[in-house]
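Here's run-v5.csv, which has CSV, C-alpha atoms and all ligand atoms:
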```
chain,number,residue,atom,x,y,z
A,1,MET,CA,16.0,-4.0,-15.4
A,2,GLY,CA,17.0,-0.5,-14.0
A,3,LEU,CA,15.1,1.4,-16.7
A,4,ARG,CA,12.1,-0.9,-16.6
A,5,SER,CA,12.0,-0.6,-12.8
A,6,ALA,CA,12.2,3.2,-13.1
A,7,LEU,CA,9.4,3.3,-15.7
A,8,PHE,CA,7.2,1.0,-13.7
A,9,ALA,CA,7.5,3.1,-10.6
A,10,ALA,CA,7.0,6.4,-12.5
A,11,GLN,CA,3.7,5.3,-14.0
A,12,TYR,CA,2.4,3.2,-11.1
A,13,ASP,CA,0.2,5.8,-9.3
A,14,ALA,CA,-1.3,7.1,-12.6
A,15,ALA,CA,-2.0,3.6,-13.9
A,16,MET,CA,-3.7,2.7,-10.7
A,17,ARG,CA,-5.7,5.9,-10.2
A,18,GLN,CA,-9.0,4.8,-11.8
A,19,ALA,CA,-9.0,1.4,-10.1
A,20,GLU,CA,-8.2,3.0,-6.8
A,21,HIS,CA,-11.0,5.5,-7.2
A,22,GLU,CA,-13.6,3.0,-8.3
A,23,GLU,CA,-12.8,0.0,-6.0
A,24,LEU,CA,-9.4,-0.5,-4.5
A,25,ALA,CA,-9.1,2.5,-2.0
A,26,SER,CA,-12.4,1.4,-0.3
A,27,ARG,CA,-11.2,-2.2,-0.2
A,28,ARG,CA,-7.9,-1.1,1.4
A,29,ALA,CA,-9.8,0.9,4.0
A,30,ALA,CA,-12.1,-2.1,4.8
A,31,LEU,CA,-9.1,-4.5,5.1
A,32,LEU,CA,-6.9,-2.3,7.2
A,33,SER,CA,-9.4,-0.4,9.4
A,34,GLY,CA,-9.3,-2.8,12.4
A,35,LEU,CA,-5.5,-2.9,12.7
A,36,ASN,CA,-3.4,-1.8,15.6
A,37,GLY,CA,0.0,-2.5,17.1
A,38,ILE,CA,3.1,-3.5,15.0
A,39,VAL,CA,2.3,-3.8,11.4
A,40,TYR,CA,4.5,-4.7,8.4
A,41,ASP,CA,3.3,-3.5,5.0
A,42,VAL,CA,5.3,-5.7,2.8
A,43,GLY,CA,6.0,-4.5,-0.8
A,44,ALA,CA,4.5,-1.2,0.2
A,45,GLY,CA,5.2,0.2,-3.3
A,46,THR,CA,4.4,3.9,-3.6
A,47,GLY,CA,2.5,3.9,-0.3
A,48,ALA,CA,-1.2,3.3,-1.4
A,49,ASN,CA,-2.0,1.7,2.0
A,50,LEU,CA,-0.5,4.4,4.2
A,51,ARG,CA,-3.5,6.6,4.6
A,52,HIS,CA,-5.6,3.7,5.6
A,53,PHE,CA,-3.6,2.6,8.7
A,54,PRO,CA,-5.3,3.6,11.9
A,55,PRO,CA,-3.1,6.0,14.0
A,56,SER,CA,-2.6,3.3,16.7
A,57,CYS,CA,-0.5,1.3,14.2
A,58,GLN,CA,3.3,1.4,14.2
A,59,VAL,CA,3.9,0.7,10.5
A,60,THR,CA,7.1,-0.6,8.9
A,61,ALA,CA,6.8,-0.2,5.2
A,62,VAL,CA,9.1,-2.8,3.5
A,63,GLU,CA,10.0,-2.1,-0.1
A,64,PRO,CA,13.0,-3.6,-2.0
A,65,ASP,CA,12.7,-1.5,-5.2
A,66,PRO,CA,14.6,1.8,-4.9
A,67,ASN,CA,12.4,3.5,-7.5
A,68,MET,CA,9.2,2.6,-5.6
A,69,ARG,CA,10.8,3.3,-2.3
A,70,LYS,CA,11.7,6.9,-3.3
A,71,ARG,CA,8.0,7.6,-3.9
A,72,LEU,CA,7.1,5.8,-0.7
A,73,GLU,CA,9.5,7.9,1.4
A,74,ALA,CA,8.0,11.1,-0.1
A,75,LYS,CA,4.5,10.0,1.0
A,76,VAL,CA,5.6,8.8,4.4
A,77,GLY,CA,6.8,12.3,5.2
A,78,SER,CA,3.2,13.5,5.5
A,79,VAL,CA,1.8,10.5,7.4
A,80,GLY,CA,3.9,9.9,10.6
A,81,ASN,CA,4.2,6.6,12.6
A,82,VAL,CA,5.7,4.9,9.6
A,83,ARG,CA,9.3,3.8,9.0
A,84,VAL,CA,10.5,2.6,5.6
A,85,VAL,CA,12.9,-0.3,5.3
A,86,ALA,CA,14.8,-1.4,2.3
A,87,ALA,CA,14.2,-5.2,2.4
A,88,GLY,CA,12.2,-8.0,0.8
A,89,ALA,CA,9.5,-10.3,2.0
A,90,GLU,CA,12.1,-13.0,2.3
A,91,ALA,CA,13.9,-11.3,5.2
A,92,LEU,CA,11.7,-8.9,7.1
A,93,GLN,CA,14.3,-7.6,9.7
A,94,ALA,CA,12.0,-8.4,12.6
A,95,GLU,CA,12.3,-10.7,15.7
A,96,ASP,CA,10.5,-14.0,15.8
A,97,ALA,CA,6.8,-13.7,16.9
A,98,SER,CA,7.1,-9.9,17.3
A,99,VAL,CA,4.6,-8.5,14.7
A,100,ASP,CA,0.8,-8.1,15.1
A,101,ALA,CA,0.0,-8.0,11.4
A,102,VAL,CA,1.7,-8.5,8.0
A,103,VAL,CA,-0.1,-6.9,5.0
A,104,PHE,CA,0.3,-7.9,1.4
A,105,THR,CA,-1.6,-5.9,-1.2
A,106,LEU,CA,-0.9,-6.8,-4.8
A,107,VAL,CA,2.5,-8.2,-3.8
A,108,LEU,CA,2.2,-12.0,-3.6
A,109,CYS,CA,1.8,-11.9,-7.4
A,110,SER,CA,5.3,-10.5,-7.6
A,111,VAL,CA,7.5,-12.1,-5.0
A,112,PRO,CA,9.9,-14.6,-6.6
A,113,ASP,CA,8.9,-17.4,-4.2
A,114,GLN,CA,5.6,-17.3,-2.3
A,115,ALA,CA,6.5,-20.2,0.0
A,116,THR,CA,9.6,-18.4,1.2
A,117,ALA,CA,7.8,-15.1,1.7
A,118,LEU,CA,5.0,-16.7,3.6
A,119,ALA,CA,7.4,-18.8,5.8
A,120,GLU,CA,9.1,-15.5,6.7
A,121,THR,CA,5.7,-14.0,7.5
A,122,ARG,CA,4.9,-16.9,9.8
A,123,ARG,CA,8.2,-16.5,11.5
A,124,VAL,CA,7.7,-12.8,12.4
A,125,LEU,CA,3.9,-13.0,13.3
A,126,LYS,CA,2.9,-13.3,16.9
A,127,PRO,CA,0.8,-16.5,17.5
A,128,GLU,CA,-2.3,-14.3,17.6
A,129,GLY,CA,-1.1,-12.2,14.7
A,130,ARG,CA,-2.7,-11.9,11.3
A,131,LEU,CA,-1.7,-11.9,7.7
A,132,LEU,CA,-4.0,-9.5,5.6
A,133,PHE,CA,-4.1,-9.9,1.9
A,134,LEU,CA,-5.7,-8.2,-1.1
A,135,GLU,CA,-4.4,-9.9,-4.3
A,136,HIS,CA,-5.2,-10.7,-7.8
A,137,VAL,CA,-5.3,-14.5,-8.4
A,138,ARG,CA,-5.7,-17.3,-10.9
A,139,GLY,CA,-9.2,-17.5,-12.3
A,140,THR,CA,-11.0,-20.7,-13.6
A,141,GLY,CA,-11.6,-22.3,-17.0
A,142,ALA,CA,-10.9,-20.2,-20.1
A,143,HIS,CA,-9.9,-17.2,-18.0
A,144,ALA,CA,-7.1,-19.2,-16.3
A,145,THR,CA,-5.9,-20.3,-19.7
A,146,PHE,CA,-5.9,-16.7,-20.9
A,147,GLN,CA,-3.8,-15.8,-17.8
A,148,ASP,CA,-1.4,-18.7,-18.5
A,149,LEU,CA,-0.8,-17.5,-22.0
A,150,LEU,CA,-0.4,-13.8,-21.1
A,151,ARG,CA,1.8,-14.5,-18.1
A,152,PRO,CA,5.3,-14.3,-19.8
A,153,VAL,CA,4.6,-11.0,-21.5
A,154,TRP,CA,2.8,-9.5,-18.6
A,155,SER,CA,5.6,-10.5,-16.2
A,156,PHE,CA,8.2,-8.9,-18.4
A,157,ALA,CA,6.2,-5.6,-18.6
A,158,ALA,CA,5.0,-5.6,-15.0
A,159,GLN,CA,8.1,-6.2,-12.9
A,160,GLY,CA,7.7,-10.0,-12.5
A,161,CYS,CA,4.0,-9.9,-11.7
A,162,GLN,CA,2.5,-13.4,-12.2
A,163,LEU,CA,-1.1,-13.5,-13.3
A,164,ASN,CA,-1.9,-17.1,-12.6
A,165,ARG,CA,-1.0,-17.8,-9.0
A,166,ASN,CA,-3.3,-19.6,-6.7
A,167,THR,CA,-2.4,-17.4,-3.8
A,168,VAL,CA,-5.0,-18.4,-1.4
A,169,ALA,CA,-3.9,-22.1,-1.7
A,170,ALA,CA,-0.3,-21.0,-1.2
A,171,ILE,CA,-1.2,-19.1,2.0
A,172,SER,CA,-3.0,-22.1,3.3
A,173,ALA,CA,-0.1,-24.4,2.4
A,174,ALA,CA,2.3,-22.2,4.3
A,175,GLY,CA,0.4,-23.1,7.6
A,176,PHE,CA,-2.3,-20.5,7.9
A,177,ASN,CA,-6.0,-20.7,8.4
A,178,VAL,CA,-7.4,-18.5,5.6
A,179,ALA,CA,-10.7,-16.6,5.8
A,180,VAL,CA,-11.5,-15.0,2.4
A,181,GLN,CA,-13.7,-12.0,3.0
A,182,ASP,CA,-14.5,-11.3,-0.6
A,183,GLU,CA,-13.8,-12.2,-4.2
A,184,PHE,CA,-14.4,-9.4,-6.6
A,185,SER,CA,-13.4,-7.8,-9.9
A,186,VAL,CA,-12.0,-4.4,-10.6
A,187,GLY,CA,-13.5,-3.2,-13.8
A,188,PRO,CA,-14.6,-5.9,-16.4
A,189,GLY,CA,-14.2,-9.4,-15.1
A,190,TRP,CA,-12.3,-10.5,-18.2
A,191,LEU,CA,-9.3,-8.3,-17.3
A,192,PRO,CA,-6.3,-10.6,-16.6
A,193,VAL,CA,-5.8,-9.0,-13.1
A,194,ASN,CA,-9.2,-10.4,-12.1
A,195,PRO,CA,-10.4,-12.1,-10.0
A,196,MET,CA,-9.2,-10.4,-6.8
A,197,VAL,CA,-9.5,-11.7,-3.3
A,198,MET,CA,-9.1,-10.1,0.1
A,199,GLY,CA,-9.1,-11.6,3.5
A,200,THR,CA,-7.2,-12.6,6.6
A,201,ALA,CA,-5.1,-15.6,7.6
A,202,THR,CA,-4.0,-16.7,11.1
A,203,PRO,CA,-1.1,-19.0,11.9
A,204,GLU,CA,-2.2,-22.6,12.5
A,205,GLY,CA,-1.7,-23.5,16.2
B,1,LIG,C1,2.1,-4.0,-7.8
B,1,LIG,S1,3.1,-3.3,-6.6
B,1,LIG,C2,2.0,-3.2,-5.2
B,1,LIG,C3,2.4,-2.0,-4.3
B,1,LIG,C4,1.5,-1.8,-3.1
B,1,LIG,N1,1.5,-2.9,-2.1
B,1,LIG,C5,0.1,-1.5,-3.5
B,1,LIG,O1,-0.8,-2.1,-3.0
B,1,LIG,O2,-0.1,-0.6,-4.4
B,1,LIG,C6,4.1,-4.7,-6.1
B,1,LIG,C7,5.2,-4.3,-5.1
B,1,LIG,O3,5.8,-5.5,-4.7
B,1,LIG,C8,7.2,-5.2,-4.5
B,1,LIG,N2,8.0,-6.5,-4.5
B,1,LIG,C9,8.4,-7.2,-5.5
B,1,LIG,N3,9.1,-8.3,-5.0
B,1,LIG,C10,9.1,-8.2,-3.7
B,1,LIG,C11,9.7,-9.0,-2.6
B,1,LIG,N4,10.4,-10.1,-2.9
B,1,LIG,N5,9.5,-8.5,-1.4
B,1,LIG,C12,8.8,-7.4,-1.1
B,1,LIG,N6,8.2,-6.7,-2.1
B,1,LIG,C13,8.4,-7.0,-3.3
B,1,LIG,C14,7.5,-4.4,-5.7
B,1,LIG,O4,8.8,-3.7,-5.6
B,1,LIG,C15,6.3,-3.5,-5.8
B,1,LIG,O5,6.5,-2.3,-5.0
```
Representation of the structure as structure tokens:
Amino acid sequence: MGLRSALFAAQYDAAMRQAEHEELASRRAALLSGLNGIVYDVGAGTGANLRHFPPSCQVTAVEPDPNMRKRLEAKVGSVGNVRVVAAGAEALQAEDASVDAVVFTLVLCSVPDQATALAETRRVLKPEGRLLFLEHVRGTGAHATFQDLLRPVWSFAAQGCQLNRNTVAAISAAGFNVAVQDEFSVGPGWLPVNPMVMGTATPEG
């Protein structure tokens, strides 16, 4: 686990470079551009979202993996207005109803239990707060079967990432009103990490 975690973190930015350049960086910018106030970037990884947060945000970057966190801390040094916390989505170290936005990008595929992570998100969000997501999700038909078959090997190689989660339904089931802004592919649509979805969700009243 330690060695795999170290290898995953070491290759993450290089492995993502082309996808970031072609699609993901602009998607992150579009998702995060309207934010302000207290923001939790959960599973912040190596810090791909950091440069997209407007200066008016006070960002807490939550990252449980020490190998990812080391890289995150190195990037935070040059950004400002960001603190890094060693924690998981299951326990966000925030007061009830105190956070304006919780951001998940490519993370709800990897948390051990989506329902627990989303319940914690609900707990910390202000009533008018928002959950923002950009995630790869389960496809349909033969593509979903392909994801089901590949899932065990993929999960082993990619730090627990589950290819076949119906994440939008899970957010909805956790008590949010979900607005999907876009569904898209990064590269060829047959890749197992497609389709991707991005959008926002607000706590049900
Ligand atoms: C694929 S990376 C995505 C990183 C970053 N959010 C991005 O958009 O590039 C998944 C991240 O989720 C983190 N993660 C895994 N389980 C988690 C949990 N239970 N709570 C919070 N983060 C978690 C991993 O450590 C890793 O940094």
- Task: Using only C-alpha atoms, determine which residues lie at most 8 Å from A:Met196, disregarding the query and same-chain residues fewer than 5 positions distant; provide the list as number ranges by chain.
- Result: A: 134-137, 183-186
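Considering only C-alpha atoms, the residue among A:Val82, A:Leu7, A:Leu150, A:Ala174 positioned nearest to A:Leu191 is A:Leu150.
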- Mind listing the residues within 9 Å of ligand LIG 1 (chain B), only C-alpha atoms and all ligand atoms counted, as a PyMOL selection string? chain A and resi 5+9+12-13+16+24+28+41-49+62-69+87-92+103-114+117+134-135+158-161
- Note on the structure: re atom CA of A:Val178 and atom CA of A:Leu149: distance 28.4 Å
- So how far away is atom CA of A:Ala14 from atom CA of A:Val153, in Å? 21.0 Å
- From atom CA of A:Leu31 to atom CA of A:Phe53 the spacing works out at 9.7 Å
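Closest approach to A:Ala94 among A:Lys75, A:Arg138, A:Arg123, A:Arg51: A:Arg123, based on all atoms listed in the file.
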- Task: Find the residues around A:Pro203 up to 10 Å (all atoms listed in the file counted), leave out those fewer than 2 positions away in its own chain, and share them as a PyMOL selection string.
- Result: chain A and resi 121-123+125-131+171-172+174-178+201+205
- List the neighbours of A:Arg83 out to 8 Å using all atoms listed in the file; skip same-chain residues closer than 4 positions along the sequence, and give me the result as a VMD selection string. chain A and resid 59 to 61 76
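Among the candidates A:Gln181, A:Asn81, A:Ser155, A:Asn166, the one nearest to A:Phe133 when counting all atoms listed in the file is A:Gln181.
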Box time for stretch 81-93 of chain A: axis-aligned, enclosing all its listed atoms, 6 Å extra on each side; report centre and edge lengths in Å to one decimal, as JSON.
```
{"center_x": 9.5, "center_y": -3.2, "center_z": 6.7, "size_x": 22.6, "size_y": 31.6, "size_z": 23.8}
```
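Taking only C-alpha atoms into account, A:Ser33 lies nearest to A:Leu132 out of the set A:Phe8, A:Asp96, A:Leu132, A:His21.
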Since the input lacks atoms, please generate N, CA, C and O atoms for stretch 173-185 of chain A and provide them as a compact mmCIF listing (two decimals), keeping the file's coordinate frame.
```
# COMPACT_ATOMS: atom_id res chain seq x y z
N ALA A 173 -1.17 -23.43 2.35
CA ALA A 173 -0.10 -24.40 2.40
C ALA A 173 1.07 -24.00 3.25
O ALA A 173 1.85 -24.83 3.72
N ALA A 174 1.18 -22.69 3.50
CA ALA A 174 2.30 -22.20 4.30
C ALA A 174 1.93 -22.29 5.83
O ALA A 174 2.72 -21.84 6.68
N GLY A 175 0.77 -22.85 6.17
CA GLY A 175 0.40 -23.10 7.60
C GLY A 175 -0.45 -22.03 8.18
O GLY A 175 -0.33 -21.71 9.37
N PHE A 176 -1.34 -21.47 7.35
CA PHE A 176 -2.30 -20.50 7.90
C PHE A 176 -3.72 -21.00 7.70
O PHE A 176 -4.03 -21.73 6.75
N ASN A 177 -4.60 -20.57 8.61
CA ASN A 177 -6.00 -20.70 8.40
C ASN A 177 -6.53 -19.47 7.69
O ASN A 177 -6.41 -18.37 8.22
N VAL A 178 -7.06 -19.66 6.50
CA VAL A 178 -7.40 -18.50 5.60
C VAL A 178 -8.91 -18.25 5.70
O VAL A 178 -9.72 -19.17 5.61
N ALA A 179 -9.26 -16.97 5.87
CA ALA A 179 -10.70 -16.60 5.80
C ALA A 179 -10.77 -15.54 4.62
O ALA A 179 -10.29 -14.41 4.76
N VAL A 180 -11.30 -15.97 3.50
CA VAL A 180 -11.50 -15.00 2.40
C VAL A 180 -12.73 -14.20 2.69
O VAL A 180 -13.82 -14.73 2.90
N GLN A 181 -12.55 -12.88 2.75
CA GLN A 181 -13.70 -12.00 3.00
C GLN A 181 -14.50 -11.73 1.79
O GLN A 181 -15.72 -11.58 1.84
N ASP A 182 -13.82 -11.62 0.66
CA ASP A 182 -14.50 -11.30 -0.60
C ASP A 182 -13.71 -11.65 -1.78
O ASP A 182 -12.47 -11.63 -1.73
N GLU A 183 -14.42 -12.00 -2.84
CA GLU A 183 -13.80 -12.20 -4.20
C GLU A 183 -14.52 -11.22 -5.08
O GLU A 183 -15.76 -11.18 -5.07
N PHE A 184 -13.80 -10.46 -5.88
CA PHE A 184 -14.40 -9.40 -6.60
C PHE A 184 -13.59 -9.07 -7.88
O PHE A 184 -12.47 -9.59 -8.03
N SER A 185 -14.17 -8.25 -8.75
CA SER A 185 -13.40 -7.80 -9.90
C SER A 185 -13.27 -6.28 -9.84
O SER A 185 -14.12 -5.57 -9.30
```
